[in-house]
file upload-v6.txt (compact mmCIF, C-alpha atoms and all ligand atoms)
# COMPACT_ATOMS: atom_id res chain seq x y z
CA MET O 1 132.00 136.56 62.65
CA ARG O 2 128.51 137.65 63.68
CA VAL O 3 126.83 135.27 66.10
CA LEU O 4 123.15 135.00 67.02
CA LEU O 5 122.61 133.19 70.33
CA LEU O 6 119.14 131.83 71.01
CA GLY O 7 117.80 131.55 74.56
CA GLY O 8 117.72 133.51 77.79
CA GLY O 9 118.77 131.39 80.77
CA GLY O 10 121.91 130.76 82.78
CA ARG O 11 123.33 128.44 80.14
CA GLU O 12 122.94 131.18 77.53
CA HIS O 13 124.54 133.78 79.81
CA ALA O 14 127.55 131.47 80.20
CA LEU O 15 127.62 130.87 76.42
CA ALA O 16 127.37 134.63 75.82
CA LEU O 17 130.30 135.38 78.12
CA ALA O 18 132.48 132.80 76.36
CA LEU O 19 131.41 133.94 72.87
CA ALA O 20 131.99 137.60 73.73
CA ASP O 21 135.50 136.67 74.87
CA ASP O 22 136.35 135.13 71.49
CA PRO O 23 138.29 137.67 69.38
CA SER O 24 136.80 136.17 66.19
CA VAL O 25 133.28 137.14 67.33
CA GLU O 26 132.86 140.73 66.13
CA ALA O 27 129.15 141.00 66.98
CA LEU O 28 127.02 139.02 69.42
CA ILE O 29 123.25 139.22 69.25
CA ALA O 30 121.10 137.32 71.75
CA ALA O 31 117.39 136.56 71.41
CA PRO O 32 115.61 136.98 73.70
CA GLY O 33 118.62 137.09 76.07
CA ASN O 34 118.32 138.39 79.63
CA PRO O 35 119.56 141.38 81.67
CA GLY O 36 122.89 139.64 82.37
CA ILE O 37 123.46 138.82 78.71
CA ALA O 38 122.63 142.45 77.83
CA ALA O 39 126.03 143.47 79.22
CA VAL O 40 127.85 141.56 76.44
CA ALA O 41 125.34 141.27 73.59
CA GLN O 42 122.73 143.21 71.70
CA LEU O 43 119.29 141.82 72.63
CA ARG O 44 116.49 141.12 70.17
CA ALA O 45 112.99 139.88 70.90
CA VAL O 46 111.94 136.63 69.24
CA ASP O 47 109.78 133.62 69.93
CA PRO O 48 112.58 131.03 70.24
CA VAL O 49 110.36 128.12 69.17
CA ASP O 50 109.12 129.82 65.97
CA PRO O 51 111.42 128.49 63.19
CA VAL O 52 110.33 131.10 60.62
CA ALA O 53 110.81 133.98 63.06
CA VAL O 54 114.27 132.81 64.18
CA ALA O 55 115.44 132.15 60.61
CA GLY O 56 114.17 135.61 59.63
CA LEU O 57 116.06 137.21 62.50
CA ALA O 58 119.25 135.32 61.60
CA VAL O 59 119.06 136.73 58.06
CA GLU O 60 118.21 140.23 59.30
CA VAL O 61 121.17 140.46 61.66
CA GLY O 62 123.55 138.96 59.09
CA ALA O 63 124.47 136.02 61.32
CA ASP O 64 127.40 133.84 60.25
CA LEU O 65 126.59 131.40 63.04
CA VAL O 66 123.45 130.71 65.07
CA VAL O 67 123.97 129.01 68.44
CA ILE O 68 120.82 127.40 69.82
CA GLY O 69 120.86 127.15 73.62
CA PRO O 70 117.66 125.40 74.76
CA GLU O 71 116.10 122.13 73.64
CA ALA O 72 112.61 123.35 72.71
CA PRO O 73 113.72 125.29 69.58
CA LEU O 74 115.73 122.27 68.42
CA VAL O 75 112.78 119.93 68.73
CA ALA O 76 110.62 122.56 66.98
CA GLY O 77 112.95 122.52 63.94
CA VAL O 78 114.61 125.92 64.38
CA ALA O 79 118.04 124.58 63.33
CA ASP O 80 116.54 123.18 60.11
CA ALA O 81 114.87 126.50 59.26
CA VAL O 82 118.08 128.49 59.82
CA ARG O 83 120.16 125.98 57.83
CA ALA O 84 117.67 126.25 54.99
CA LYS O 85 118.69 129.93 54.75
CA GLY O 86 122.31 128.86 54.21
CA ILE O 87 123.43 129.98 57.68
CA ALA O 88 125.67 127.78 59.87
CA VAL O 89 123.91 126.50 63.01
CA PHE O 90 125.28 124.96 66.16
CA GLY O 91 122.48 122.59 67.08
CA PRO O 92 120.95 119.42 65.66
CA SER O 93 118.07 119.02 63.24
CA ALA O 94 114.62 118.28 64.67
CA GLU O 95 115.05 114.64 63.65
CA ALA O 96 118.38 114.33 65.46
CA ALA O 97 117.13 116.28 68.49
CA ARG O 98 114.74 113.40 69.13
CA LEU O 99 117.67 111.89 71.04
CA GLU O 100 116.49 114.30 73.74
CA GLY O 101 112.89 114.90 72.69
CA SER O 102 111.81 111.27 73.00
CA LYS O 103 113.14 108.88 75.64
CA THR O 104 111.77 105.95 73.60
CA PHE O 105 113.66 107.07 70.49
CA ALA O 106 116.87 107.53 72.53
CA LYS O 107 116.54 103.98 73.87
CA GLU O 108 115.99 102.62 70.35
CA VAL O 109 119.16 104.31 69.12
CA MET O 110 121.13 103.13 72.15
CA THR O 111 119.96 99.56 71.66
CA ALA O 112 120.80 99.62 67.94
CA ALA O 113 124.22 101.12 68.71
CA GLY O 114 124.98 98.73 71.57
CA VAL O 115 125.34 101.60 74.06
CA PRO O 116 125.35 100.58 77.75
CA THR O 117 122.22 101.95 79.42
CA ALA O 118 119.43 100.98 81.83
CA ARG O 119 116.98 98.29 80.72
CA ALA O 120 113.77 100.12 79.90
CA TYR O 121 110.14 99.56 78.92
CA PRO O 122 107.95 102.13 77.18
CA CYS O 123 104.44 102.19 78.73
CA THR O 124 101.27 103.83 77.57
CA ASP O 125 98.62 102.54 79.97
CA GLU O 126 98.07 101.12 83.46
CA ALA O 127 98.49 97.51 82.42
CA SER O 128 101.83 98.02 80.69
CA THR O 129 102.99 100.25 83.57
CA ALA O 130 102.12 97.59 86.15
CA ALA O 131 103.85 94.87 84.11
CA ALA O 132 107.01 96.99 83.75
CA LEU O 133 107.11 97.87 87.47
CA ASP O 134 106.80 94.15 88.27
CA ARG O 135 110.11 93.56 86.48
CA PHE O 136 112.10 95.82 88.83
CA ASP O 137 112.82 96.20 92.51
CA PRO O 138 112.59 99.65 94.07
CA PRO O 139 113.71 102.34 93.64
CA TYR O 140 111.49 102.75 90.59
CA VAL O 141 112.47 105.11 87.77
CA VAL O 142 109.55 106.56 85.78
CA LYS O 143 110.32 109.01 82.97
CA ASN O 144 107.97 111.22 81.03
CA ASP O 145 108.45 110.36 77.34
CA GLY O 146 108.84 113.92 76.13
CA LEU O 147 110.51 117.19 76.94
CA ALA O 148 109.99 118.04 80.59
CA ALA O 149 112.78 120.60 81.21
CA GLY O 150 114.67 118.12 83.37
CA LYS O 151 111.72 117.59 85.69
CA GLY O 152 109.95 114.66 84.08
CA VAL O 153 111.62 111.91 86.09
CA VAL O 154 110.40 110.39 89.33
CA VAL O 155 112.73 108.10 91.26
CA THR O 156 110.84 106.59 94.18
CA ASP O 157 110.65 103.59 96.51
CA GLU O 158 106.85 103.92 96.57
CA ARG O 159 105.09 101.90 93.92
CA ALA O 160 101.96 104.05 94.26
CA ALA O 161 103.99 107.20 93.54
CA ALA O 162 105.56 105.52 90.50
CA GLU O 163 102.10 104.58 89.20
CA ALA O 164 100.73 108.05 89.87
CA HIS O 165 103.55 109.71 87.86
CA ALA O 166 102.96 107.29 84.98
CA ARG O 167 99.23 108.14 85.00
CA GLU O 168 99.94 111.87 85.03
CA CYS O 169 102.36 111.67 82.08
CA GLY O 170 100.41 109.25 79.86
CA ARG O 171 103.43 107.96 77.91
CA VAL O 172 106.39 106.98 80.09
CA VAL O 173 109.52 104.88 80.06
CA ILE O 174 110.07 102.71 83.13
CA GLU O 175 113.63 101.67 83.67
CA GLU O 176 116.20 99.95 85.80
CA TYR O 177 117.68 102.05 88.62
CA LEU O 178 121.36 102.83 88.00
CA ALA O 179 123.32 103.13 91.25
CA GLY O 180 126.51 105.21 91.25
CA PRO O 181 127.76 108.78 91.03
CA GLU O 182 126.54 110.81 88.06
CA VAL O 183 128.62 112.53 85.40
CA SER O 184 127.63 115.00 82.70
CA LEU O 185 129.85 114.82 79.63
CA PHE O 186 129.40 117.42 76.89
CA VAL O 187 130.59 116.45 73.43
CA VAL O 188 130.90 118.96 70.57
CA THR O 189 130.35 117.20 67.25
CA ASP O 190 129.84 117.90 63.56
CA GLY O 191 128.18 114.52 63.16
CA GLU O 192 131.41 112.64 62.53
CA THR O 193 134.27 114.14 64.54
CA ALA O 194 133.56 114.47 68.26
CA VAL O 195 135.41 116.52 70.87
CA PRO O 196 134.68 115.93 74.55
CA LEU O 197 134.66 118.83 77.02
CA LEU O 198 135.57 118.39 80.71
CA PRO O 199 133.26 116.06 82.64
CA ALA O 200 131.16 117.87 85.26
CA GLN O 201 128.69 116.94 87.96
CA ASP O 202 125.41 118.67 88.67
CA PHE O 203 123.01 118.53 91.61
CA LYS O 204 119.46 117.67 90.62
CA ARG O 205 117.70 117.60 93.99
CA VAL O 206 116.58 120.84 95.57
CA GLY O 207 117.98 120.23 99.06
CA ASP O 208 121.28 119.51 100.78
CA GLY O 209 122.30 115.87 100.86
CA ASP O 210 120.23 115.26 97.69
CA SER O 211 116.94 115.69 99.56
CA GLY O 212 113.62 116.89 98.15
CA PRO O 213 112.27 116.91 94.60
CA ASN O 214 114.24 117.01 91.33
CA THR O 215 114.94 120.41 89.79
CA GLY O 216 116.55 121.70 86.62
CA GLY O 217 119.85 121.67 88.56
CA MET O 218 121.00 123.50 91.70
CA GLY O 219 124.74 123.71 91.12
CA ALA O 220 127.71 122.09 89.39
CA TYR O 221 131.46 121.67 89.50
CA ALA O 222 134.30 120.58 87.26
CA PRO O 223 136.64 118.80 86.96
CA LEU O 224 135.81 115.59 88.84
CA PRO O 225 138.72 114.56 91.08
CA TRP O 226 137.15 111.15 91.72
CA ALA O 227 136.44 110.18 88.09
CA PRO O 228 138.33 107.16 86.67
CA PRO O 229 141.21 108.46 84.47
CA ASP O 230 140.00 106.58 81.39
CA LEU O 231 136.35 107.62 81.78
CA VAL O 232 136.19 110.07 78.88
CA ASP O 233 138.00 107.72 76.46
CA GLU O 234 135.70 104.87 77.44
CA VAL O 235 132.55 106.96 76.98
CA MET O 236 133.75 108.28 73.62
CA ARG O 237 134.47 104.71 72.45
CA ASP O 238 131.44 102.91 73.88
CA VAL O 239 128.77 105.62 73.80
CA VAL O 240 129.49 108.67 71.67
CA HIS O 241 131.00 107.21 68.50
CA PRO O 242 128.52 104.29 68.25
CA THR O 243 125.61 106.74 68.78
CA LEU O 244 126.88 109.18 66.14
CA ALA O 245 127.43 106.28 63.72
CA GLU O 246 123.88 105.01 64.30
CA MET O 247 122.47 108.50 63.69
CA ARG O 248 124.43 108.74 60.42
CA ARG O 249 123.23 105.27 59.42
CA ARG O 250 119.66 106.44 59.90
CA GLY O 251 120.28 109.40 57.61
CA THR O 252 119.83 111.85 60.49
CA PRO O 253 123.38 112.77 61.57
CA PHE O 254 123.61 114.52 64.93
CA SER O 255 125.63 117.73 64.96
CA GLY O 256 125.83 120.18 67.83
CA LEU O 257 126.20 119.33 71.48
CA LEU O 258 125.61 115.78 72.59
CA TYR O 259 125.15 115.79 76.35
CA VAL O 260 125.75 112.37 77.82
CA GLY O 261 124.29 111.93 81.32
CA LEU O 262 125.97 108.92 82.93
CA ALA O 263 125.92 106.89 86.11
CA ILE O 264 129.24 105.27 87.03
CA THR O 265 127.90 101.90 88.17
CA ALA O 266 129.68 98.78 89.44
CA ASP O 267 129.48 97.50 85.84
CA GLY O 268 131.00 100.68 84.36
CA PRO O 269 129.50 103.86 82.90
CA ARG O 270 125.83 103.58 81.90
CA VAL O 271 123.87 106.23 79.99
CA ILE O 272 121.05 107.81 82.00
CA GLU O 273 120.02 110.16 79.23
CA PHE O 274 121.06 112.09 76.17
CA ASN O 275 120.38 115.76 75.72
CA ALA O 276 120.78 117.64 72.47
CA ARG O 277 122.23 120.84 73.96
CA PHE O 278 124.49 122.19 76.68
CA GLY O 279 123.32 121.36 80.21
CA ASP O 280 122.39 124.01 82.72
CA PRO O 281 124.15 124.70 85.13
CA GLU O 282 127.14 122.52 84.08
CA THR O 283 127.82 124.87 81.15
CA GLN O 284 128.64 127.62 83.63
CA VAL O 285 131.58 125.63 85.07
CA VAL O 286 132.78 123.88 81.93
CA LEU O 287 133.01 127.11 79.93
CA ALA O 288 134.64 128.92 82.86
CA LEU O 289 137.55 126.50 82.40
CA LEU O 290 137.68 126.44 78.59
CA GLU O 291 140.53 128.54 77.25
CA THR O 292 139.98 127.74 73.56
CA PRO O 293 137.80 130.43 71.95
CA LEU O 294 134.23 129.11 71.93
CA GLY O 295 132.96 130.79 68.74
CA GLY O 296 135.61 129.12 66.58
CA LEU O 297 134.90 125.73 68.11
CA LEU O 298 131.13 125.93 67.61
CA HIS O 299 131.56 127.31 64.08
CA ALA O 300 133.84 124.37 63.20
CA ALA O 301 131.18 121.94 64.48
CA ALA O 302 128.43 123.77 62.59
CA THR O 303 130.35 123.63 59.30
CA GLY O 304 131.67 120.07 59.39
CA ALA O 305 135.22 121.26 60.03
CA LEU O 306 135.84 119.88 63.52
CA ALA O 307 138.54 117.47 62.31
CA ASP O 308 140.69 120.50 61.44
CA HIS O 309 140.13 122.26 64.77
CA PRO O 310 143.14 122.42 67.11
CA PRO O 311 142.98 120.41 70.37
CA LEU O 312 141.14 122.15 73.20
CA ARG O 313 143.06 124.07 75.84
CA TRP O 314 141.84 124.17 79.45
CA ARG O 315 142.63 126.44 82.36
CA THR O 316 144.18 124.71 85.34
CA GLY O 317 142.15 124.60 88.55
CA ALA O 318 138.45 124.12 89.07
CA ALA O 319 135.09 125.88 88.73
CA VAL O 320 131.95 125.80 90.86
CA THR O 321 128.51 127.30 90.32
CA VAL O 322 125.74 127.59 92.92
CA VAL O 323 122.15 128.30 91.84
CA VAL O 324 120.09 130.81 93.81
CA ALA O 325 116.46 129.73 93.45
CA ALA O 326 113.25 131.65 94.06
CA GLU O 327 111.03 130.99 97.05
CA GLY O 328 108.77 128.04 96.27
CA TYR O 329 111.07 126.52 93.60
CA PRO O 330 110.61 123.94 92.16
CA ALA O 331 106.91 123.43 93.04
CA GLY O 332 105.70 127.02 92.54
CA PRO O 333 108.40 129.67 92.31
CA ARG O 334 107.49 133.23 93.25
CA THR O 335 108.63 135.81 90.71
CA GLY O 336 108.75 139.62 90.63
CA ASP O 337 111.00 140.15 93.68
CA VAL O 338 113.69 142.82 93.57
CA ILE O 339 117.28 141.48 93.44
CA THR O 340 120.32 143.29 94.74
CA GLY O 341 123.90 142.22 94.02
CA GLY O 342 122.94 140.81 90.63
CA GLU O 343 125.61 142.78 88.79
CA GLN O 344 128.71 141.60 90.63
CA PRO O 345 131.37 139.66 88.72
CA GLY O 346 130.68 135.94 88.76
CA VAL O 347 126.89 136.31 88.77
CA ILE O 348 125.20 134.48 85.92
CA HIS O 349 121.59 135.45 85.20
CA ALA O 350 119.18 132.55 84.75
CA GLY O 351 115.68 133.89 85.46
CA THR O 352 115.81 137.67 85.69
CA ALA O 353 114.07 140.64 84.06
CA ARG O 354 114.26 144.45 84.20
CA ARG O 355 111.30 146.38 85.56
CA ALA O 356 110.24 148.73 82.80
CA ALA O 357 109.45 151.63 85.14
CA ASP O 358 112.81 151.98 86.87
CA GLY O 359 115.16 149.31 85.46
CA ALA O 360 115.24 147.40 88.75
CA LEU O 361 116.40 143.80 88.47
CA LEU O 362 113.58 141.34 89.23
CA SER O 363 113.32 137.59 89.64
CA ALA O 364 111.51 136.09 86.65
CA GLY O 365 111.94 132.34 87.00
CA GLY O 366 112.58 129.48 89.40
CA ARG O 367 116.33 129.41 89.05
CA VAL O 368 117.18 133.09 89.26
CA LEU O 369 120.96 133.55 89.42
CA CYS O 370 124.12 131.44 89.67
CA GLY O 371 127.22 132.39 91.62
CA THR O 372 130.12 131.08 89.55
CA ALA O 373 133.82 131.12 90.33
CA THR O 374 137.09 129.44 89.45
CA GLY O 375 140.02 128.74 91.75
CA PRO O 376 143.29 126.85 91.92
CA ASP O 377 141.43 123.85 93.32
CA LEU O 378 137.87 122.75 93.97
CA ALA O 379 137.79 124.02 97.56
CA ALA O 380 139.00 127.47 96.53
CA ALA O 381 136.49 127.62 93.65
CA ARG O 382 133.69 126.51 95.98
CA ASP O 383 134.57 129.15 98.58
CA ALA O 384 134.71 131.84 95.91
CA ALA O 385 131.36 130.78 94.39
CA TYR O 386 129.64 130.94 97.81
CA GLN O 387 131.23 134.36 98.36
CA VAL O 388 129.46 135.53 95.18
CA VAL O 389 126.18 133.97 96.34
CA ARG O 390 126.36 135.68 99.73
CA GLY O 391 126.55 139.00 97.90
CA ILE O 392 123.13 138.39 96.30
CA GLU O 393 119.93 139.48 98.02
CA LEU O 394 116.62 138.02 96.88
CA PRO O 395 113.75 137.76 99.41
CA GLY O 396 112.77 134.17 100.17
CA SER O 397 115.48 132.67 97.96
CA HIS O 398 117.31 129.46 98.76
CA TYR O 399 120.40 127.63 97.61
CA ARG O 400 122.21 124.41 98.41
CA ARG O 401 125.10 124.67 100.86
CA ASP O 402 126.80 121.44 99.78
CA ILE O 403 127.70 122.00 96.12
CA ALA O 404 131.01 120.16 95.44
CA ALA O 405 131.36 119.35 99.18
CA ALA O 406 131.42 115.56 98.86
CA ALA O 407 134.03 115.74 96.08
CA ILE O 408 136.19 118.14 98.11
CA ASP O 409 135.94 115.92 101.21
CA GLY O 410 136.80 112.77 99.21
CA LEU O 411 133.43 111.22 99.98
CA ILE O 412 132.47 110.14 96.46
CA THR O 413 133.28 106.48 96.03
CA LEU O 414 132.94 104.43 92.89
CA PRO O 415 130.93 101.24 93.32
CA GLY O 416 132.46 97.84 92.70
P1 LIG O 501 116.89 112.69 83.39
O1 LIG O 501 115.82 113.68 83.12
O2 LIG O 501 116.77 111.43 82.59
O3 LIG O 501 118.26 113.32 83.42
O4 LIG O 501 116.74 112.25 84.91
C1 LIG O 501 116.87 113.20 85.95
C2 LIG O 501 117.58 112.56 87.11
O5 LIG O 501 116.86 111.40 87.56
C3 LIG O 501 118.96 112.04 86.75
O6 LIG O 501 119.94 113.03 86.81
C4 LIG O 501 119.15 110.98 87.80
O7 LIG O 501 119.53 111.59 89.03
C5 LIG O 501 117.77 110.40 87.96
N1 LIG O 501 117.65 109.21 87.12
C6 LIG O 501 117.14 109.13 85.88
N2 LIG O 501 117.20 107.88 85.40
C7 LIG O 501 117.77 107.13 86.35
C8 LIG O 501 118.09 105.72 86.47
N3 LIG O 501 117.82 104.85 85.49
N4 LIG O 501 118.67 105.31 87.60
C9 LIG O 501 118.95 106.19 88.59
N5 LIG O 501 118.65 107.50 88.56
C10 LIG O 501 118.06 107.97 87.46
call {"tool": "encode", "arguments": {"input": "upload-v6.txt", "output": "structure tokens", "more": "lines below"}}
Ligand code: AMP
result
Amino acid sequence: MRVLLLGGGGREHALALALADDPSVEALIAAPGNPGIAAVAQLRAVDPVDPVAVAGLAVEVGADLVVIGPEAPLVAGVADAVRAKGIAVFGPSAEAARLEGSKTFAKEVMTAAGVPTARAYPCTDEASTAAALDRFDPPYVVKNDGLAAGKGVVVTDERAAAEAHARECGRVVIEEYLAGPEVSLFVVTDGETAVPLLPAQDFKRVGDGDSGPNTGGMGAYAPLPWAPPDLVDEVMRDVVHPTLAEMRRRGTPFSGLLYVGLAITADGPRVIEFNARFGDPETQVVLALLETPLGGLLHAAATGALADHPPLRWRTGAAVTVVVAAEGYPAGPRTGDVITGGEQPGVIHAGTARRAADGALLSAGGRVLCGTATGPDLAAARDAAYQVVRGIELPGSHYRRDIAAAAIDGLITLPG
């Protein structure tokens, strides 16, 4: 089959590697892609949030399947436009992508479906914000009610900081703080049948020991040695199937990748958020462990045939990815620096570009590269991932030194 992959970050590089590995994928085209993806796919330029342009490209390249990486095209209706051309798409409709695009909508669906999540209040002005904050003790959780590329949430003990974030965003959701370790669970679904991937954990804060501001994600690992053995079954039963049923009931079935962000609290798993696409950088580790060919799996989901797909096969061992970020990330990343070591095996490109004059590899985003590795266990995978990272040179760059460390040292405890 011919596959068009939309996007150009680390997630898409990981998707491209897995798709290129699938013997049923005879041609892989990525738009816009990135210099890492260029090694395994033909690149095409496109505005990823322009539904007409993407649908036109899908027709032009003769795509049998379009895989949409990022959230913005989904919310913009790109999946709908491609489907209207009769081409299979892995990714939800704009209506269904509201599970990610609007925190208020996601809460409505969760409430209707009886999904366990934080109590929450939508707020649009200072009075409603103040009233909502009064209902909670610190730490306060204030979420931008729209797409914010993973950076729209402030968790703070300072009421003034909570109020300031609410003012800046305009529309926010203020919610109960969920205490407990976090899990990212990816679920591939055709709207009815749902197949969970391996749970992973990511690292949102920029600094070691979860210090500093939130980022798009600084690293990830899978599997989770500390997770309760029945976690995935419980989340499928209590969260995923009720949510998919509610979306069908509304006439807007969700197909594609349902990303369930959870906190494992003393009262059990609680949903922190839904996303409508693969998470970055968890995709890098989850796909590194997936043995089942990815193209066939995503095509089955895109065509309503997931019930007939064979059970997933996983590699034994573990995977770790460590993000190398540009100087100044997340506040104000510096771009345009020359990178060396960006072509070694295990390097995933997230924010890179080629200099037209001489083909040099340059930084072009906040999260620039990820060092990814597998190993027989988490410690071995971690050591191998840091070995990759040490081979990368990017002036002023920084990365966390503690990715997967607490899990390896047995320091993650479940509350209650
Ligand atoms: P989100 O954009 O909703 O994924 O939030 C980003 C990060 O903020 C999450 O990964 C959590 O670390 C944190 N967060 C969001 N909501 C909550 C909550 N209700 N309780 C505790 N932490 C939260």
call {"tool": "closest_atom_pairs", "arguments": {"input": "upload-v6.txt", "of": "chain O", "to": "ligand LIG 501 (chain O)", "cutoff": "6 Å", "atoms": "all atoms listed in the file", "output": "CSV"}}
result
residue,atom,partner,partner_atom,distance
O:Ala118,CA,O:LIG501,N3,5.6
O:Val141,CA,O:LIG501,C8,5.8
O:Gly150,CA,O:LIG501,O1,4.6
O:Val153,CA,O:LIG501,O4,5.3
O:Glu175,CA,O:LIG501,N3,5.6
O:Glu176,CA,O:LIG501,N3,5.2
O:Tyr177,CA,O:LIG501,N4,3.6
O:Leu178,CA,O:LIG501,N4,3.7
O:Ala179,CA,O:LIG501,C9,6.0
O:Ile272,CA,O:LIG501,N2,5.1
O:Glu273,CA,O:LIG501,O2,4.8
call {"tool": "closest_residue", "arguments": {"input": "upload-v6.txt", "among": "O:Gly212, O:Arg401, O:Asp233, O:Leu298", "to": "Leu65 (chain O)", "atoms": "all atoms listed in the file"}}
result
O:Leu298
call {"tool": "residues_around", "arguments": {"input": "upload-v6.txt", "residues": "Ala407 (chain O)", "least_positions_apart": "4", "cutoff": "7 Å", "atoms": "all atoms listed in the file", "output": "CSV table (one decimal) with C-alpha atoms, in the frame of the given file"}}
result
chain,number,residue,atom,x,y,z
O,225,PRO,CA,138.7,114.6,91.1
O,411,LEU,CA,133.4,111.2,100.0
O,412,ILE,CA,132.5,110.1,96.5
call {"tool": "residues_around", "arguments": {"input": "upload-v6.txt", "residues": "Gly342 (chain O)", "least_positions_apart": "4", "cutoff": "9 Å", "atoms": "only C-alpha atoms", "output": "number ranges by chain"}}
result
O: 36, 347-349, 361, 369, 391-393
call {"tool": "residues_near_point", "arguments": {"input": "upload-v6.txt", "point": "(117.9, 136.6, 77.7)", "cutoff": "10 Å", "atoms": "all atoms listed in the file", "output": "list of chain:residue names"}}
result
O:Leu5, O:Leu6, O:Gly7, O:Gly8, O:Gly9, O:Gly10, O:Glu12, O:His13, O:Ala16, O:Ala30, O:Ala31, O:Pro32, O:Gly33, O:Asn34, O:Pro35, O:Gly36, O:Ile37, O:Ala38, O:Ala41, O:Leu43, O:Arg44, O:Ala45, O:His349, O:Ala350, O:Gly351, O:Thr352, O:Ala353
call {"tool": "residues_near_point", "arguments": {"input": "upload-v6.txt", "point": "(132.9, 106.4, 78.5)", "cutoff": "12 Å", "atoms": "all atoms listed in the file", "output": "PyMOL selection string"}}
result
chain O and resi 115-117+183-187+196+199+227-242+260-265+268-271
call {"tool": "atom_distance", "arguments": {"input": "upload-v6.txt", "atom1": "CA of Thr156 (chain O)", "atom2": "CA of Val142 (chain O)"}}
result
8.5 Å
call {"tool": "closest_residue", "arguments": {"input": "upload-v6.txt", "among": "O:Met247, O:Ala84, O:Ala325, O:Ala94", "to": "Ser397 (chain O)", "atoms": "all atoms listed in the file"}}
result
O:Ala325
call {"tool": "closest_residue", "arguments": {"input": "upload-v6.txt", "among": "O:Glu168, O:Asp280, O:Asp267, O:Asp377", "to": "Ala319 (chain O)", "atoms": "all atoms listed in the file"}}
result
O:Asp377
call {"tool": "atom_distance", "arguments": {"input": "upload-v6.txt", "atom1": "CA of Leu394 (chain O)", "atom2": "CA of Gly359 (chain O)"}}
result
16.1 Å
